[in-house]
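Reading through the structure tokens given below for one structure.
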Amino acid sequence: MSRRLAFLTALGLGSAALAADPIALQTLTPTSGTGAELLLDGNPATGWSPEGDPAQEGVLLRFEKPVSLDGVSLRTCTGAPELQAALYLNGTEALTEQKIGAEAKTLPFGKRELRSLFVRLQSAGGAKACLGEVTLLQGGKPQTVKAPRTVAGRIEASSVLTPADAYAPGFLFDGRLDFGWAEGSKGPGTGESFTLTLEAPVELTALELWNGYQRSEDHFQKNARAKKLSLSVDGGAPVPLGVKDSSGAQTLKLPAPMKGRVWKLSVDEVYPGKRYPDMVLSELRLVDAQGPLGVRTPDGDERKRALETGLAGSPLGKVANQRWRGLCAPEAVKSDRQFKLRTNNTFVFYDDSDDATWSASEVLDGAWVVKQASGPWAAVELFGRRHRSETNWDPYADTQNKDTVRIAGGKLEVARVADLGRKEFEKLVAEWSKGTQSGKVECVGQEGHTYEDLVKADAFVVRGTAVTDLFARE
């Protein structure tokens, strides 16, 4: 008996729950950490653990095709602490502050047609959070889930846009549509290529491609996209492939099956971007007789180890992989601001604010790279998108909702309050108090927010076009 069947039998469901065709996953991708594939193995002793502070970390399940579901069952790993989790359905929050423990907990959300499910941890007791199992429910019954198929390989590109940590070719196979490979030539990308070397030969019938930079529609339109590609295997003659200028996945069928180990994909022609000449491809999958096939490449772990080594002993090293919260807020405004730099080169900033007449929710996320690690002011650069949802209430008019997604980022300076020293920190507070950032420091000096309190809380400040704030660890 398989572990998954044993798990379902223990729930009193047995083999009947396995009769339906399995739900195929397009991607099973964590924001950080390892073990996401163990969420589907039916063994609660193993599971996924995020990197560093688990709060705001999560796992994305994106389906091959829309699937009808009415709930999900979650449980922690055996012996792991309880945690609080939220569910996002098709990118929209549906359930929040759900307590998850060692016993499987069913979270019903009504029958929904889902393209994606995101489980986000909001908090966790103890030092190590571990999510043990995720079970999808249809008609209240657990469904079997088919994890993405993968093969091992390495990828090298003819060029990479600087900084390479934000545009590496390995992003083509990371399961995230908001990252991708950007070529680094001076021209429009014509003639650039990447080579994929697999551990064992495969026979392909097609490629599945997410063309352009699919982080947002703004990114897609402003960067160049592939128009014509050519594919060769083991040094053979190239096969031309036409590409549509559209977001989402598209299948590039081969005129005949091709088999081999070393695959080269070249850019022959591009659709020009409205602002940037760089050609970007967001995601790629191989397709054989059994269906889509992903590639496991080691470069993500290699970049992570290199970043951790470079941050050792620096102010950024003390900030990374921790969840930080904005300390002050203007009077009469409720504000929850959270910031996290991860050592897998990703970052996220949440800003939720509201008062009596309006509310706004903002997420800024993407990639970050180090410009200067030494302090007291270290420097990083952000490459991301800003998604803002705003609602305004008017007693004499209809409620107005506004939703925007745009390119955002730029240089960000980071300094710990302790490293600045009292004199420089008080000078900074005085400067901010006279300008538009006054609300971010108005609590400084009050009870619990003195200089000594902030040093004890390991507080730090950031300043830049994308984020300017004072943060402390919870």
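A note on labels: chains of the structure tokens are A, B, ... as shown, every chain counts residues from 1, and ligands are counted from 1 in their shown order.
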Would you list the contacts of Asp178 of chain A as a PyMOL selection string, taking every protein, DNA or RNA residue within 6 Å and counting only C-alpha atoms, but skipping same-chain residues closer than 2 positions in sequence? chain A and resi 176+214-215
What's around Ala157 of chain A at 12 Å? Count only C-alpha atoms, leave out sequence neighbours fewer than 5 positions away in its own chain, and write the answer as a PyMOL selection string. chain A and resi 164+167-172+181-185+189+191-197+263-267
Which neighbours of Trp393 of chain A fall inside 9 Å, counting only C-alpha atoms, when residues of the same chain fewer than 6 positions from it are skipped, and could you give them as a list in words?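 Counting only the stated atoms, we get Ala356, Thr357, Trp358, Ser359, Thr399 and Gln400 of chain A.
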Prev. selection, all heavy atoms, output as a PDB file, in the first residue's frame:
```
ATOM      1  N   ALA A 356     -11.203  55.593   7.987  1.00  0.00           N
ATOM      2  CA  ALA A 356     -12.665  55.557   7.923  1.00  0.00           C
ATOM      3  C   ALA A 356     -13.214  55.637   6.509  1.00  0.00           C
ATOM      4  O   ALA A 356     -14.363  55.270   6.266  1.00  0.00           O
ATOM      5  CB  ALA A 356     -13.239  56.711   8.756  1.00  0.00           C
ATOM      6  N   THR A 357     -12.424  56.106   5.538  1.00  0.00           N
ATOM      7  CA  THR A 357     -12.954  56.341   4.189  1.00  0.00           C
ATOM      8  C   THR A 357     -12.280  55.530   3.097  1.00  0.00           C
ATOM      9  O   THR A 357     -12.753  55.524   1.961  1.00  0.00           O
ATOM     10  CB  THR A 357     -12.835  57.823   3.820  1.00  0.00           C
ATOM     11  OG1 THR A 357     -11.440  58.200   3.832  1.00  0.00           O
ATOM     12  CG2 THR A 357     -13.613  58.694   4.812  1.00  0.00           C
ATOM     13  N   TRP A 358     -11.175  54.857   3.389  1.00  0.00           N
ATOM     14  CA  TRP A 358     -10.480  54.136   2.327  1.00  0.00           C
ATOM     15  C   TRP A 358      -9.640  53.007   2.916  1.00  0.00           C
ATOM     16  O   TRP A 358      -9.338  52.984   4.109  1.00  0.00           O
ATOM     17  CB  TRP A 358      -9.579  55.073   1.513  1.00  0.00           C
ATOM     18  CG  TRP A 358      -8.429  55.628   2.315  1.00  0.00           C
ATOM     19  CD1 TRP A 358      -8.446  56.712   3.127  1.00  0.00           C
ATOM     20  CD2 TRP A 358      -7.095  55.082   2.409  1.00  0.00           C
ATOM     21  NE1 TRP A 358      -7.222  56.888   3.720  1.00  0.00           N
ATOM     22  CE2 TRP A 358      -6.366  55.927   3.291  1.00  0.00           C
ATOM     23  CE3 TRP A 358      -6.459  54.002   1.829  1.00  0.00           C
ATOM     24  CZ2 TRP A 358      -5.040  55.690   3.599  1.00  0.00           C
ATOM     25  CZ3 TRP A 358      -5.118  53.759   2.143  1.00  0.00           C
ATOM     26  CH2 TRP A 358      -4.426  54.605   3.023  1.00  0.00           C
ATOM     27  N   SER A 359      -9.252  52.086   2.047  1.00  0.00           N
ATOM     28  CA  SER A 359      -8.310  51.034   2.420  1.00  0.00           C
ATOM     29  C   SER A 359      -7.437  50.746   1.204  1.00  0.00           C
ATOM     30  O   SER A 359      -7.872  50.907   0.060  1.00  0.00           O
ATOM     31  CB  SER A 359      -9.029  49.755   2.873  1.00  0.00           C
ATOM     32  OG  SER A 359      -9.690  49.145   1.791  1.00  0.00           O
ATOM     33  N   THR A 399     -19.062  52.839  -4.110  1.00  0.00           N
ATOM     34  CA  THR A 399     -17.702  52.516  -3.685  1.00  0.00           C
ATOM     35  C   THR A 399     -16.806  52.379  -4.906  1.00  0.00           C
ATOM     36  O   THR A 399     -17.180  51.746  -5.894  1.00  0.00           O
ATOM     37  CB  THR A 399     -17.696  51.212  -2.881  1.00  0.00           C
ATOM     38  OG1 THR A 399     -18.499  51.379  -1.713  1.00  0.00           O
ATOM     39  CG2 THR A 399     -16.285  50.829  -2.482  1.00  0.00           C
ATOM     40  N   GLN A 400     -15.625  52.961  -4.843  1.00  0.00           N
ATOM     41  CA  GLN A 400     -14.707  52.935  -5.966  1.00  0.00           C
ATOM     42  C   GLN A 400     -13.537  52.012  -5.659  1.00  0.00           C
ATOM     43  O   GLN A 400     -12.913  52.117  -4.602  1.00  0.00           O
ATOM     44  CB  GLN A 400     -14.197  54.346  -6.279  1.00  0.00           C
ATOM     45  CG  GLN A 400     -15.291  55.312  -6.729  1.00  0.00           C
ATOM     46  CD  GLN A 400     -14.741  56.688  -7.045  1.00  0.00           C
ATOM     47  OE1 GLN A 400     -13.595  57.006  -6.744  1.00  0.00           O
ATOM     48  NE2 GLN A 400     -15.565  57.514  -7.672  1.00  0.00           N
TER      49      GLN A 400
END
```
Give the alpha helix (DSSP H) residues of segment 272-405 of chain A, as DSSP finds them on the backbone, and put them as a list in words.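 Selecting the alpha helix (DSSP H) positions of segment 272-405 of chain A gives Asp299, Gly300, Asp301, Glu302, Arg303, Lys304, Arg305, Ala306, Leu307, Glu308, Thr309, Gly310, Leu311, Pro315, Leu316, Gly317, Lys318 and Val319 of chain A.
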Let me make sure I understand: among A:Thr29, A:Thr76, A:Arg112, A:Leu117, which one has the smallest atom-to-atom distance to Glu93 of chain A if we use only C-alpha atoms?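 Ranked by minimum distance to Glu93 of chain A, first place goes to A:Leu117.
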Grab the atom CA of Ala415 of chain A to atom CA of Val467 of chain A distance for me, in Å with one decimal place.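 We find that atom CA of Ala415 of chain A and atom CA of Val467 of chain A lie 13.3 Å from each other.
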Non-local contacts of Lys334 of chain A (9 Å; only C-alpha atoms; under 4 positions in same chain excluded) as a list in words: Ala329, Pro330, Asp352, Ser353, Asp354 and Asp355 of chain A
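Considering the residues A:Arg325, A:Lys141, A:Arg385, A:Lys105 and counting only C-alpha atoms, Phe347 of chain A has its shortest atom-to-atom contact with A:Arg385.
A straight line drawn from atom CA of Gln322 of chain A to atom CA of Glu302 of chain A is 20.9 Å long.
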To one decimal in Å, tell me the separation between atom CA of Thr46 of chain A and atom CA of Trp324 of chain A. 28.3 Å
Nearest residue to Lys128 of chain A from the set A:Tyr88, A:Phe179, A:Trp210, A:Trp48 (distances using only C-alpha atoms): A:Trp48
Write out as JSON, numbers by chain which residues come within 12 Å of Leu83 of chain A when counting only C-alpha atoms, dropping same-chain ones fewer than 2 positions away. {"A": [49, 54, 55, 56, 57, 74, 75, 76, 77, 80, 81, 85, 86, 96, 97, 98, 99, 100, 101, 102, 105, 119, 120, 121, 122, 123, 124, 125, 126, 127, 128, 129, 130, 131, 132]}
Do you know which residues are at most 10 Å from Val262 of chain A counting only C-alpha atoms, after dropping those on the same chain fewer than 5 positions away, and could you put them as a CSV table (one decimal) with C-alpha atoms, in the first residue's frame?
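The result, written out as selection13.csv:
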```
chain,number,residue,atom,x,y,z
A,153,GLY,CA,20.2,19.1,-16.1
A,154,ARG,CA,22.3,22.3,-16.3
A,155,ILE,CA,21.7,25.4,-18.3
A,195,THR,CA,22.1,25.4,-24.0
A,196,LEU,CA,20.4,22.8,-21.8
A,197,THR,CA,22.5,19.7,-21.0
A,198,LEU,CA,20.4,16.9,-19.5
A,199,GLU,CA,21.7,14.0,-17.4
A,200,ALA,CA,20.1,11.6,-19.8
A,201,PRO,CA,18.6,11.8,-23.3
A,202,VAL,CA,14.9,12.6,-23.8
A,232,SER,CA,18.9,21.9,-32.2
A,233,VAL,CA,19.9,18.7,-30.4
A,234,ASP,CA,23.3,17.2,-29.9
A,235,GLY,CA,24.8,19.6,-32.5
A,236,GLY,CA,22.3,18.7,-35.2
```
Where in segment 75-104 of chain A does DSSP assign strand (DSSP E or B), given as a count of residues only? 18
From the options A:Glu208, A:Glu133, A:Asp70, A:Asp41, which residue's atoms come nearest to Ala94 of chain A, counting only C-alpha atoms?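 Looking at the shortest contact to Ala94 of chain A, the residue is A:Asp70.
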With distances taken over only C-alpha atoms, which residue among A:Asp278, A:Glu82, A:Glu331, A:Asp419 lies nearest Thr190 of chain A? A:Asp278
Near-Pro240 of chain A list (7 Å; only C-alpha atoms; drop same-chain fewer than 5 positions) as a VMD selection string: chain A and resid 229 to 231
Would you mind exporting N, CA, C and O atoms of the selected residues as a PDB file, in the first residue's frame?
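Printed below is part_13.pdb as written:
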```pdb
ATOM      1  N   LEU A 229      12.313  31.295 -33.034  1.00  0.00           N
ATOM      2  CA  LEU A 229      13.356  30.538 -32.353  1.00  0.00           C
ATOM      3  C   LEU A 229      13.798  29.390 -33.233  1.00  0.00           C
ATOM      4  O   LEU A 229      13.107  29.015 -34.194  1.00  0.00           O
ATOM      5  N   SER A 230      14.933  28.811 -32.903  1.00  0.00           N
ATOM      6  CA  SER A 230      15.358  27.572 -33.565  1.00  0.00           C
ATOM      7  C   SER A 230      15.933  26.637 -32.511  1.00  0.00           C
ATOM      8  O   SER A 230      16.619  27.071 -31.585  1.00  0.00           O
ATOM      9  N   LEU A 231      15.624  25.355 -32.647  1.00  0.00           N
ATOM     10  CA  LEU A 231      16.010  24.329 -31.676  1.00  0.00           C
ATOM     11  C   LEU A 231      16.879  23.283 -32.348  1.00  0.00           C
ATOM     12  O   LEU A 231      16.522  22.751 -33.405  1.00  0.00           O
TER      13      LEU A 231
END
```
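Using only C-alpha atoms, the nearest neighbour of Gly294 of chain A within the list A:Ser335, A:Gln143, A:Asn223, A:Thr150 is A:Thr150.
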